[in-house]
>>> print(open('coords.txt').read())   # compact mmCIF, C-alpha atoms and all ligand atoms
# COMPACT_ATOMS: atom_id res chain seq x y z
CA MET Q 1 131.38 97.30 96.66
CA ASN Q 2 127.74 96.18 96.82
CA GLN Q 3 126.86 92.79 95.40
CA ALA Q 4 123.58 92.10 93.62
CA GLY Q 5 124.09 88.35 94.02
CA THR Q 6 125.98 88.04 97.30
CA PRO Q 7 125.75 84.69 99.07
CA CYS Q 8 123.44 84.88 102.10
CA ALA Q 9 125.00 84.61 105.54
CA LEU Q 10 123.01 84.71 108.77
CA ASN Q 11 124.58 86.93 111.41
CA ASP Q 12 125.96 84.64 114.11
CA ARG Q 13 125.01 87.28 116.69
CA LEU Q 14 121.30 86.63 115.95
CA THR Q 15 119.96 84.37 118.72
CA GLY Q 16 116.28 84.26 117.77
CA PHE Q 17 113.15 86.39 117.88
CA SER Q 18 110.71 87.58 120.52
CA CYS Q 19 107.13 88.80 120.39
CA ILE Q 20 106.89 92.56 120.82
CA ARG Q 21 103.61 92.14 122.74
CA CYS Q 22 103.83 89.01 124.95
CA LYS Q 23 107.66 88.76 124.88
CA THR Q 24 107.58 85.02 124.04
CA LYS Q 25 111.01 83.85 122.84
CA LEU Q 26 111.09 82.12 119.47
CA PRO Q 27 113.90 80.29 117.65
CA ILE Q 28 115.30 81.65 114.36
CA GLY Q 29 112.63 80.96 111.77
CA ASP Q 30 109.91 82.41 109.56
CA TYR Q 31 106.93 83.90 111.36
CA PHE Q 32 104.87 85.28 108.51
CA GLU Q 33 101.87 85.65 110.83
CA GLY Q 34 103.85 87.05 113.75
CA CYS Q 35 103.82 85.56 117.24
CA PRO Q 36 101.87 82.24 117.24
CA ALA Q 37 100.49 82.81 120.75
CA CYS Q 38 99.21 86.32 119.99
CA LEU Q 39 97.75 85.11 116.67
CA ALA Q 40 95.83 82.41 118.56
CA SER Q 41 94.46 85.05 120.93
CA GLY Q 42 93.12 87.10 118.00
CA GLN Q 43 95.58 89.97 118.50
CA PRO Q 44 98.32 89.42 115.90
CA SER Q 45 101.69 90.88 116.86
CA SER Q 46 105.03 91.16 115.09
CA VAL Q 47 108.28 89.70 116.37
CA ARG Q 48 111.65 91.40 116.80
CA SER Q 49 115.17 90.05 116.38
CA GLU Q 50 117.28 89.24 119.44
CA TYR Q 51 121.08 89.46 119.36
CA GLN Q 52 124.00 88.71 121.61
CA ASP Q 53 127.42 90.35 121.81
CA LEU Q 54 126.49 93.43 119.79
CA PRO Q 55 129.52 95.62 119.07
CA THR Q 56 130.18 98.78 121.06
CA ALA Q 57 130.70 100.88 117.90
CA ILE Q 58 127.60 101.89 115.90
CA SER Q 59 129.04 100.98 112.54
CA ARG Q 60 132.01 99.55 110.66
CA PHE Q 61 134.37 101.81 108.79
CA ASP Q 62 135.34 99.22 106.17
CA ALA Q 63 131.96 99.20 104.39
CA ARG Q 64 129.48 101.64 102.89
CA GLY Q 65 125.74 102.19 103.12
CA MET Q 66 123.62 99.76 105.10
CA ALA Q 67 126.48 97.25 105.04
CA ARG Q 68 128.21 99.32 107.73
CA PHE Q 69 125.59 98.01 110.16
CA ALA Q 70 125.91 94.34 109.23
CA ASP Q 71 126.76 93.38 112.83
CA TRP Q 72 123.35 94.66 113.94
CA LEU Q 73 121.23 92.96 111.27
CA PRO Q 74 119.95 89.39 110.88
CA TYR Q 75 122.16 88.77 107.83
CA SER Q 76 125.84 89.60 107.60
CA ALA Q 77 125.77 89.53 103.81
CA TRP Q 78 122.76 90.24 101.65
CA VAL Q 79 121.58 91.10 98.16
CA SER Q 80 122.63 94.73 97.94
CA LEU Q 81 122.06 97.47 95.40
CA GLY Q 82 123.68 100.14 97.57
CA GLU Q 83 120.83 100.91 99.96
CA GLY Q 84 121.31 103.19 102.97
CA ALA Q 85 123.66 106.09 103.75
CA THR Q 86 121.00 108.59 102.70
CA SER Q 87 121.45 112.28 103.36
CA CYS Q 88 120.49 113.89 106.62
CA VAL Q 89 120.05 117.57 105.80
CA ASN Q 90 119.56 120.53 108.12
CA PHE Q 91 117.12 123.15 106.76
CA PRO Q 92 117.59 126.27 108.95
CA ALA Q 93 115.63 128.60 106.66
CA LEU Q 94 112.66 126.23 106.65
CA ALA Q 95 112.89 125.92 110.45
CA ALA Q 96 112.87 129.71 110.80
CA GLU Q 97 109.87 129.96 108.47
CA VAL Q 98 107.95 127.27 110.38
CA GLY Q 99 109.03 128.62 113.76
CA VAL Q 100 110.91 125.76 115.31
CA LYS Q 101 114.53 125.42 116.48
CA GLY Q 102 115.60 122.87 113.87
CA ILE Q 103 114.26 120.79 110.98
CA ILE Q 104 116.37 117.89 109.70
CA VAL Q 105 115.21 115.89 106.69
CA LYS Q 106 116.31 112.28 106.23
CA ASN Q 107 116.17 111.82 102.47
CA GLU Q 108 115.21 108.19 101.90
CA GLY Q 109 114.36 109.01 98.29
CA GLN Q 110 118.08 108.51 97.59
CA ASN Q 111 117.79 104.73 97.88
CA PRO Q 112 118.12 102.58 94.70
CA SER Q 113 114.40 102.44 93.91
CA GLY Q 114 113.70 105.84 95.43
CA SER Q 115 112.26 104.90 98.81
CA HIS Q 116 113.09 103.55 102.27
CA LYS Q 117 111.62 100.21 101.22
CA ASP Q 118 114.99 99.21 99.74
CA ARG Q 119 116.39 98.73 103.23
CA VAL Q 120 113.62 96.14 103.72
CA SER Q 121 113.71 94.46 100.32
CA SER Q 122 117.44 93.73 100.51
CA LEU Q 123 117.02 91.58 103.62
CA THR Q 124 113.64 90.09 102.70
CA VAL Q 125 114.90 88.87 99.33
CA THR Q 126 118.00 87.49 101.05
CA ARG Q 127 115.86 85.55 103.51
CA ALA Q 128 113.76 84.13 100.65
CA LEU Q 129 116.92 82.98 98.85
CA ASP Q 130 118.32 81.49 102.04
CA VAL Q 131 115.27 79.28 102.61
CA GLY Q 132 115.27 78.14 98.99
CA ALA Q 133 112.21 80.04 97.76
CA LYS Q 134 111.86 80.31 93.99
CA ARG Q 135 109.29 83.10 94.03
CA ILE Q 136 108.69 86.05 96.31
CA ALA Q 137 105.37 87.91 96.46
CA ALA Q 138 104.03 91.08 98.05
CA ALA Q 139 100.92 93.21 98.33
CA SER Q 140 101.81 96.80 97.60
CA SER Q 141 100.49 100.31 97.06
CA GLY Q 142 103.55 101.17 94.96
CA ASN Q 143 106.91 101.85 96.58
CA GLY Q 144 107.25 98.51 98.37
CA GLY Q 145 106.37 96.61 95.19
CA ALA Q 146 108.75 98.60 93.01
CA SER Q 147 111.52 98.03 95.53
CA LEU Q 148 110.91 94.31 95.99
CA ALA Q 149 110.68 93.73 92.24
CA LEU Q 150 114.06 95.42 91.74
CA TYR Q 151 115.79 93.40 94.46
CA ALA Q 152 114.15 90.13 93.35
CA ALA Q 153 115.47 90.78 89.84
CA ALA Q 154 118.96 91.33 91.24
CA ALA Q 155 118.67 88.09 93.21
CA GLY Q 156 117.36 86.05 90.29
CA LEU Q 157 114.10 85.33 92.13
CA ASP Q 158 110.72 85.22 90.40
CA CYS Q 159 108.48 87.95 91.81
CA SER Q 160 104.75 88.67 91.97
CA ILE Q 161 103.45 92.06 93.08
CA ILE Q 162 99.74 92.25 93.93
CA VAL Q 163 98.19 95.68 93.50
CA THR Q 164 94.84 97.39 93.02
CA ALA Q 165 93.69 99.53 90.09
CA ALA Q 166 94.83 102.56 92.10
CA LEU Q 167 98.48 101.73 91.33
CA SER Q 168 100.18 104.69 89.68
CA PRO Q 169 101.50 104.39 86.12
CA ILE Q 170 104.93 105.28 87.51
CA HIS Q 171 104.99 102.28 89.82
CA ARG Q 172 103.37 100.01 87.22
CA ARG Q 173 106.25 100.69 84.85
CA ALA Q 174 108.89 100.38 87.58
CA ILE Q 175 107.55 96.94 88.54
CA THR Q 176 106.99 95.50 85.05
CA GLN Q 177 110.38 96.72 83.77
CA THR Q 178 112.04 94.25 86.16
CA GLY Q 179 110.16 91.31 84.67
CA ALA Q 180 108.04 90.85 87.80
CA GLU Q 181 104.48 89.58 87.48
CA LEU Q 182 101.93 92.32 88.23
CA ILE Q 183 98.56 91.08 89.50
CA SER Q 184 95.73 93.58 89.87
CA VAL Q 185 92.81 92.86 92.23
CA GLU Q 186 89.72 94.73 93.39
CA ASP Q 187 90.79 96.13 96.76
CA ALA Q 188 93.31 95.92 99.60
CA LEU Q 189 91.52 93.01 101.25
CA ASP Q 190 91.70 90.99 98.02
CA ARG Q 191 95.43 91.76 97.83
CA TRP Q 192 96.01 90.21 101.22
CA ARG Q 193 93.75 87.19 100.56
CA LEU Q 194 95.55 86.41 97.32
CA LEU Q 195 98.98 86.83 98.89
CA GLY Q 196 98.04 84.43 101.70
CA ASP Q 197 96.67 81.91 99.20
CA MET Q 198 99.81 82.13 97.03
CA GLY Q 199 102.01 81.37 100.01
CA LYS Q 200 99.96 78.34 101.04
CA GLU Q 201 99.24 76.95 97.56
CA THR Q 202 102.36 77.70 95.54
CA GLY Q 203 105.01 78.15 98.24
CA SER Q 204 105.88 81.67 97.21
CA PHE Q 205 107.63 83.62 99.97
CA PRO Q 206 105.34 86.38 101.33
CA ALA Q 207 107.27 89.62 101.82
CA THR Q 208 104.39 91.59 103.28
CA ASN Q 209 101.44 91.09 105.58
CA TYR Q 210 98.41 89.08 104.45
CA LEU Q 211 96.55 88.81 107.78
CA ILE Q 212 93.44 90.71 108.82
CA PRO Q 213 94.02 92.34 111.29
CA PRO Q 214 97.57 92.79 110.02
CA VAL Q 215 101.07 92.40 111.35
CA GLY Q 216 104.16 94.16 110.01
CA SER Q 217 106.10 93.15 106.90
CA ASN Q 218 108.68 90.37 106.91
CA HIS Q 219 110.55 90.32 110.22
CA PHE Q 220 113.96 89.78 108.62
CA GLY Q 221 113.30 92.62 106.18
CA ILE Q 222 112.08 95.37 108.47
CA GLU Q 223 115.20 94.99 110.61
CA GLY Q 224 116.86 96.94 107.79
CA LEU Q 225 114.78 99.99 108.70
CA LYS Q 226 116.55 100.18 112.06
CA THR Q 227 119.50 101.51 110.11
CA VAL Q 228 117.56 104.74 109.52
CA ALA Q 229 117.73 105.26 113.29
CA TYR Q 230 121.42 104.31 113.40
CA GLU Q 231 122.23 106.84 110.69
CA LEU Q 232 120.22 109.53 112.48
CA VAL Q 233 122.18 108.82 115.66
CA GLU Q 234 125.47 109.06 113.76
CA ASP Q 235 124.44 112.37 112.22
CA CYS Q 236 122.44 113.98 115.03
CA GLY Q 237 123.41 112.26 118.30
CA ASP Q 238 121.08 113.45 121.04
CA GLU Q 239 120.01 116.52 119.10
CA LEU Q 240 116.61 115.15 118.06
CA ASP Q 241 113.57 115.80 120.24
CA ALA Q 242 110.98 114.33 117.86
CA VAL Q 243 110.76 112.39 114.60
CA LEU Q 244 107.77 112.54 112.24
CA VAL Q 245 107.11 109.36 110.29
CA PRO Q 246 104.71 108.81 107.36
CA THR Q 247 102.83 105.71 108.45
CA SER Q 248 100.49 103.10 107.11
CA ARG Q 249 101.15 99.81 108.90
CA GLY Q 250 104.03 100.97 111.03
CA ASP Q 251 107.10 99.05 109.79
CA LEU Q 252 109.18 102.22 109.79
CA VAL Q 253 108.01 103.78 113.03
CA TRP Q 254 108.46 100.48 114.87
CA SER Q 255 111.95 99.93 113.47
CA LEU Q 256 112.96 103.50 114.27
CA TYR Q 257 111.88 102.92 117.85
CA ASP Q 258 113.70 99.59 118.05
CA GLY Q 259 116.83 101.09 116.49
CA PHE Q 260 116.86 104.07 118.87
CA ARG Q 261 116.22 101.68 121.77
CA GLN Q 262 119.31 99.67 120.82
CA MET Q 263 121.35 102.85 120.44
CA MET Q 264 120.32 103.98 123.92
CA ALA Q 265 121.08 100.55 125.41
CA GLY Q 266 124.53 100.77 123.83
CA GLY Q 267 125.15 104.20 125.36
CA HIS Q 268 125.19 106.06 122.04
CA ILE Q 269 122.24 108.32 122.93
CA ALA Q 270 120.79 109.34 126.28
CA ARG Q 271 117.16 109.42 125.17
CA ILE Q 272 114.80 108.16 122.46
CA PRO Q 273 113.19 110.95 120.38
CA ARG Q 274 109.40 111.08 120.54
CA LEU Q 275 107.99 109.35 117.45
CA TYR Q 276 104.93 110.85 115.76
CA VAL Q 277 102.98 108.88 113.21
CA VAL Q 278 101.63 111.01 110.33
CA GLU Q 279 98.39 109.64 108.87
CA PRO Q 280 95.84 110.92 106.33
CA PHE Q 281 92.77 110.16 108.47
CA PRO Q 282 92.37 109.02 112.10
CA ARG Q 283 93.55 105.45 112.66
CA LEU Q 284 96.32 105.30 115.23
CA ARG Q 285 94.95 108.52 116.73
CA LYS Q 286 91.68 106.68 117.45
CA VAL Q 287 93.58 103.77 118.97
CA MET Q 288 95.49 106.20 121.21
CA GLN Q 289 92.05 107.49 122.27
CA GLY Q 290 90.94 104.00 123.29
CA PHE Q 291 89.71 102.17 120.18
CA ALA Q 292 90.91 98.57 119.80
CA PRO Q 293 93.94 98.39 117.46
CA ASN Q 294 92.50 95.46 115.52
CA GLY Q 295 89.50 97.51 114.35
CA SER Q 296 88.78 98.99 110.92
CA PHE Q 297 89.41 102.71 110.33
CA PRO Q 298 88.40 103.57 106.77
CA GLY Q 299 89.04 106.91 105.11
CA LYS Q 300 89.89 108.50 101.77
CA THR Q 301 93.20 110.00 100.64
CA SER Q 302 95.35 110.52 97.58
CA LEU Q 303 98.47 109.90 99.70
CA PHE Q 304 98.76 106.34 98.41
CA SER Q 305 101.83 105.35 100.45
CA ILE Q 306 100.09 105.97 103.77
CA ASP Q 307 96.57 104.85 102.79
CA GLY Q 308 94.91 101.84 104.44
CA PHE Q 309 92.25 101.18 107.04
CA THR Q 310 94.20 99.22 109.65
CA VAL Q 311 96.55 99.74 112.58
CA THR Q 312 99.27 97.35 113.70
CA TYR Q 313 100.32 96.62 117.25
CA GLN Q 314 103.91 97.51 116.34
CA ALA Q 315 102.89 101.10 115.51
CA VAL Q 316 100.98 101.43 118.77
CA GLU Q 317 103.92 100.12 120.77
CA ALA Q 318 106.45 102.42 119.06
CA VAL Q 319 104.36 105.52 119.74
CA ARG Q 320 103.56 104.61 123.34
CA ALA Q 321 107.10 103.56 124.24
CA SER Q 322 108.65 106.70 122.75
CA LYS Q 323 105.97 108.94 124.33
CA GLY Q 324 105.00 110.23 120.88
CA GLY Q 325 101.61 110.27 119.20
CA ALA Q 326 99.65 110.39 115.97
CA VAL Q 327 98.87 113.43 113.85
CA VAL Q 328 96.29 113.59 111.06
CA VAL Q 329 96.89 115.66 107.91
CA GLU Q 330 94.63 116.94 105.11
CA ASP Q 331 95.60 116.09 101.52
CA ALA Q 332 95.14 119.67 100.28
CA THR Q 333 97.50 121.08 102.90
CA VAL Q 334 100.05 118.38 102.13
CA VAL Q 335 100.07 119.42 98.46
CA GLN Q 336 100.95 122.96 99.53
CA ASP Q 337 103.62 121.73 101.92
CA ALA Q 338 105.22 119.53 99.24
CA ALA Q 339 105.70 122.64 97.11
CA ARG Q 340 106.99 124.51 100.14
CA LEU Q 341 109.56 121.79 100.84
CA ALA Q 342 110.65 121.87 97.20
CA ARG Q 343 111.18 125.63 97.41
CA HIS Q 344 113.63 124.93 100.23
CA GLY Q 345 115.45 122.23 98.25
CA CYS Q 346 113.68 119.03 99.26
CA TYR Q 347 111.71 117.14 96.60
CA ALA Q 348 109.55 114.64 98.47
CA GLU Q 349 106.63 112.37 97.63
CA LEU Q 350 103.37 113.77 99.01
CA SER Q 351 103.18 111.06 101.68
CA ALA Q 352 106.64 112.18 102.83
CA ALA Q 353 105.85 115.89 102.63
CA ALA Q 354 102.96 115.10 104.98
CA THR Q 355 105.53 115.18 107.78
CA LEU Q 356 105.86 118.95 107.37
CA THR Q 357 102.08 119.31 107.54
CA GLY Q 358 102.07 117.14 110.64
CA LEU Q 359 104.79 119.25 112.22
CA GLU Q 360 102.79 122.45 111.72
CA THR Q 361 99.85 120.84 113.53
CA LEU Q 362 101.99 119.57 116.40
CA LEU Q 363 103.57 123.01 116.81
CA ALA Q 364 100.20 124.75 116.70
CA ASN Q 365 98.73 122.57 119.42
CA GLY Q 366 101.89 122.70 121.55
CA THR Q 367 102.71 118.99 121.31
CA VAL Q 368 106.10 119.91 119.81
CA GLY Q 369 107.83 122.93 121.34
CA ARG Q 370 109.23 125.85 119.33
CA ASP Q 371 112.58 125.20 121.04
CA GLU Q 372 112.83 121.63 119.77
CA THR Q 373 114.68 119.98 116.89
CA VAL Q 374 112.74 117.55 114.74
CA ALA Q 375 113.56 115.09 112.00
CA LEU Q 376 111.17 114.56 109.10
CA ILE Q 377 111.56 111.16 107.43
CA SER Q 378 111.21 111.84 103.72
CA THR Q 379 110.37 108.27 102.86
CA SER Q 380 110.22 108.61 99.10
CA ASN Q 381 111.23 110.81 96.18
CA GLY Q 382 108.92 113.45 94.70
CA TYR Q 383 109.21 111.79 91.29
CA LYS Q 384 106.91 109.03 92.62
CA ASP Q 385 103.85 111.30 92.45
CA TRP Q 386 102.01 111.83 89.19
CA PRO Q 387 99.97 114.80 87.96
CA ASP Q 388 96.50 113.20 88.03
CA GLN Q 389 96.94 112.20 91.64
CA VAL Q 390 96.22 115.53 93.25
CA GLY Q 391 95.08 117.86 90.52
CA PRO Q 392 96.87 121.02 89.42
CA ALA Q 393 99.59 122.35 91.71
ZN ZN M 401 102.99 87.26 121.39
>>> encode(input="coords.txt", output="structure tokens")
Amino acid sequence: MNQAGTPCALNDRLTGFSCIRCKTKLPIGDYFEGCPACLASGQPSSVRSEYQDLPTAISRFDARGMARFADWLPYSAWVSLGEGATSCVNFPALAAEVGVKGIIVKNEGQNPSGSHKDRVSSLTVTRALDVGAKRIAAASSGNGGASLALYAAAAGLDCSIIVTAALSPIHRRAITQTGAELISVEDALDRWRLLGDMGKETGSFPATNYLIPPVGSNHFGIEGLKTVAYELVEDCGDELDAVLVPTSRGDLVWSLYDGFRQMMAGGHIARIPRLYVVEPFPRLRKVMQGFAPNGSFPGKTSLFSIDGFTVTYQAVEAVRASKGGAVVVEDATVVQDAARLARHGCYAELSAAATLTGLETLLANGTVGRDETVALISTSNGYKDWPDQVGPA
């Protein structure tokens, strides 16, 4: 059974962290601004967990959901609302219609707050409790804030979610229903400034990035996203040639890469699928073409979950190391593809349906072969969109 108020227990297999760019080893601790050496050089970089004596089996059989992977995560026990164990569904009719060997959808909308962010919030909230924080805070475009607010409520932690006026009424209600404080600011930069100030001035535990240029979200939390890769390996083995990932700052694509990397090191798969970032205007694609990753890449979109003008090093590394890439999608086409997915039985948020749009582009330009099997990560449920967002269907 999952426990909303489980005592926190660090995994004794966790030996520390290391920088994903310069490989510097760091003791177990909180690195809200990523690797100190890379920060000092002006190129902020996230850190990854390091473990010893990882088990040979992928998961335990005496637990359910994400808890089955407790040996592979920084905490052995955490505040849980039943996250993980989402469906992995084969859509042969959709694959035939699109003209590709196989399409598998990982339905992360089945998580407690309706998005993949729950795998992160469970561990982030647990870390905050473990270090004695009384308040946790995050900058959010919607799903991350709704998820964190829910888990903070379950943990008995005070919570502040910093948003802009663009926040949807659906997410506004989801956040305020938990009793969390909702703070609205002018723009994304103000969100990060305020979050950084709150951490320094009031001691609230920052769950998300506040740096410019940014790093990934909390390094204890995003470890939970590796379990998406573990579940894909359990369900698909070596079947997957490519995975399409809705991406803003790259927590998910990085963790997928790191999870697949661990699975390959453990002999569970022979290869890492190519990871393709799906974005609403060129950001990572420009970086792959030679632009510096710490630049600004503004654009406009109604796909709120993958909006933003920045690129993180972790996203760059995941795409390069997996030999994947970045694909840009148009909002109007995504709206059509969301309806198309629904007609096949998959109700996905627009930002998640963007993976189908991205796949069509990658097939058309030959980057993904017609004889390949791909996974689309449906990061969030279709109920998260609202009618005014995109106009009439
Ligand atoms: Zn570093």
>>> residues_around(input="coords.txt", residues="range 320-322 of chain Q", least_positions_apart="4", cutoff="9 Å", atoms="only C-alpha atoms", output="PyMOL selection string")
chain Q and resi 257+272-276+288+315-316
>>> closest_residue(input="coords.txt", among="Q:Thr164, Q:Arg172, Q:Ala139, Q:Gln177", to="Leu194 in chain Q", atoms="only C-alpha atoms")
Q:Ala139
>>> closest_residue(input="coords.txt", among="Q:Ile104, Q:Val319, Q:Leu284, Q:Val215", to="ligand ZN 401 (chain M)", atoms="only C-alpha atoms and all ligand atoms")
Q:Val215
>>> residues_around(input="coords.txt", residues="Lys101 in chain Q", least_positions_apart="4", cutoff="8 Å", atoms="all atoms listed in the file", output="PDB file with C-alpha atoms, in the coordinates of the input")
ATOM      1  CA  ALA Q  95     112.890 125.920 110.450  1.00  0.00           C
ATOM      2  CA  ALA Q  96     112.870 129.710 110.800  1.00  0.00           C
ATOM      3  CA  ARG Q 370     109.230 125.850 119.330  1.00  0.00           C
ATOM      4  CA  ASP Q 371     112.580 125.200 121.040  1.00  0.00           C
ATOM      5  CA  GLU Q 372     112.830 121.630 119.770  1.00  0.00           C
ATOM      6  CA  THR Q 373     114.680 119.980 116.890  1.00  0.00           C
TER       7      THR Q 373
END
>>> residues_near_ligand(input="coords.txt", ligand="ligand ZN 401 (chain M)", cutoff="12 Å", atoms="all atoms listed in the file", output="PyMOL selection string")
chain Q and resi 17-26+31+33-48+215+313-314
>>> residues_around(input="coords.txt", residues="Ala63 in chain Q", least_positions_apart="2", cutoff="12 Å", atoms="all atoms listed in the file", output="ChimeraX atom specification")
/Q:1-2,59-61,65-71,76-77,82,84-85
>>> closest_residue(input="coords.txt", among="Q:Ala326, Q:Leu240, Q:Met264, Q:Val89", to="Thr56 in chain Q", atoms="all atoms listed in the file")
Q:Met264
>>> residues_around(input="coords.txt", residues="Arg283 in chain Q", least_positions_apart="3", cutoff="7 Å", atoms="all atoms listed in the file", output="MDAnalysis selection string")
chainID Q and resid 286:287 297 310:311
>>> closest_residue(input="coords.txt", among="Q:Val228, Q:Cys346, Q:Val334, Q:Ile269", to="Lys117 in chain Q", atoms="only C-alpha atoms")
Q:Val228
>>> atom_distance(input="coords.txt", atom1="CA of Lys134 in chain Q", atom2="CA of Phe205 in chain Q")
8.0 Å
>>> closest_residue(input="coords.txt", among="Q:Asp30, Q:Asp331, Q:Asp130, Q:Glu360", to="Gly99 in chain Q", atoms="all atoms listed in the file")
Q:Glu360
>>> atom_distance(input="coords.txt", atom1="CA of Leu232 in chain Q", atom2="CA of Ala353 in chain Q")
18.5 Å
>>> residues_around(input="coords.txt", residues="Ser122 in chain Q", least_positions_apart="3", cutoff="8 Å", atoms="only C-alpha atoms", output="number ranges by chain")
Q: 78-81, 83, 118-119, 125-126, 148, 151, 221, 224
>>> closest_residue(input="coords.txt", among="Q:Val100, Q:Pro282, Q:Ser147, Q:Ala229", to="Cys88 in chain Q", atoms="all atoms listed in the file")
Q:Ala229
>>> atom_distance(input="coords.txt", atom1="CA of Thr176 in chain Q", atom2="CA of Leu303 in chain Q")
22.2 Å
>>> residues_near_point(input="coords.txt", point="(92.6, 106.0, 100.2)", cutoff="12 Å", atoms="all atoms listed in the file", output="PyMOL selection string")
chain Q and resi 141+164+166-167+187-188+248+279-281+297-310+331+351+389
>>> build_atoms(input="coords.txt", residues="range 372-387 of chain Q", atoms="N, CA and C atoms", output="tab-separated table (two decimals), in the frame of the given file")
chain	number	residue	atom	x	y	z
Q	372	GLU	N	112.40	123.01	120.00
Q	372	GLU	CA	112.83	121.63	119.77
Q	372	GLU	C	113.37	121.44	118.35
Q	373	THR	N	114.15	120.36	118.19
Q	373	THR	CA	114.68	119.98	116.89
Q	373	THR	C	114.00	118.70	116.45
Q	374	VAL	N	113.50	118.71	115.22
Q	374	VAL	CA	112.74	117.55	114.74
Q	374	VAL	C	113.36	117.00	113.46
Q	375	ALA	N	113.18	115.72	113.27
Q	375	ALA	CA	113.56	115.09	112.00
Q	375	ALA	C	112.29	114.70	111.26
Q	376	LEU	N	112.26	115.00	109.97
Q	376	LEU	CA	111.17	114.56	109.10
Q	376	LEU	C	111.73	113.42	108.25
Q	377	ILE	N	111.07	112.27	108.26
Q	377	ILE	CA	111.56	111.16	107.43
Q	377	ILE	C	110.91	111.30	106.06
Q	378	SER	N	111.72	111.71	105.09
Q	378	SER	CA	111.21	111.84	103.72
Q	378	SER	C	111.35	110.47	103.06
Q	379	THR	N	110.29	109.69	103.20
Q	379	THR	CA	110.37	108.27	102.86
Q	379	THR	C	110.59	108.00	101.38
Q	380	SER	N	110.18	108.94	100.52
Q	380	SER	CA	110.22	108.61	99.10
Q	380	SER	C	110.36	109.88	98.26
Q	381	ASN	N	110.92	109.70	97.08
Q	381	ASN	CA	111.23	110.81	96.18
Q	381	ASN	C	109.98	111.43	95.55
Q	382	GLY	N	110.04	112.74	95.32
Q	382	GLY	CA	108.92	113.45	94.70
Q	382	GLY	C	108.57	112.97	93.31
Q	383	TYR	N	109.50	112.32	92.64
Q	383	TYR	CA	109.21	111.79	91.29
Q	383	TYR	C	108.21	110.64	91.32
Q	384	LYS	N	107.86	110.14	92.52
Q	384	LYS	CA	106.91	109.03	92.62
Q	384	LYS	C	105.46	109.49	92.45
Q	385	ASP	N	105.22	110.78	92.64
Q	385	ASP	CA	103.85	111.30	92.45
Q	385	ASP	C	103.59	111.53	90.97
Q	386	TRP	N	102.34	111.58	90.59
Q	386	TRP	CA	102.01	111.83	89.19
Q	386	TRP	C	100.90	112.88	89.13
Q	387	PRO	N	100.81	113.60	88.01
Q	387	PRO	CA	99.97	114.80	87.96
Q	387	PRO	C	98.49	114.54	88.27
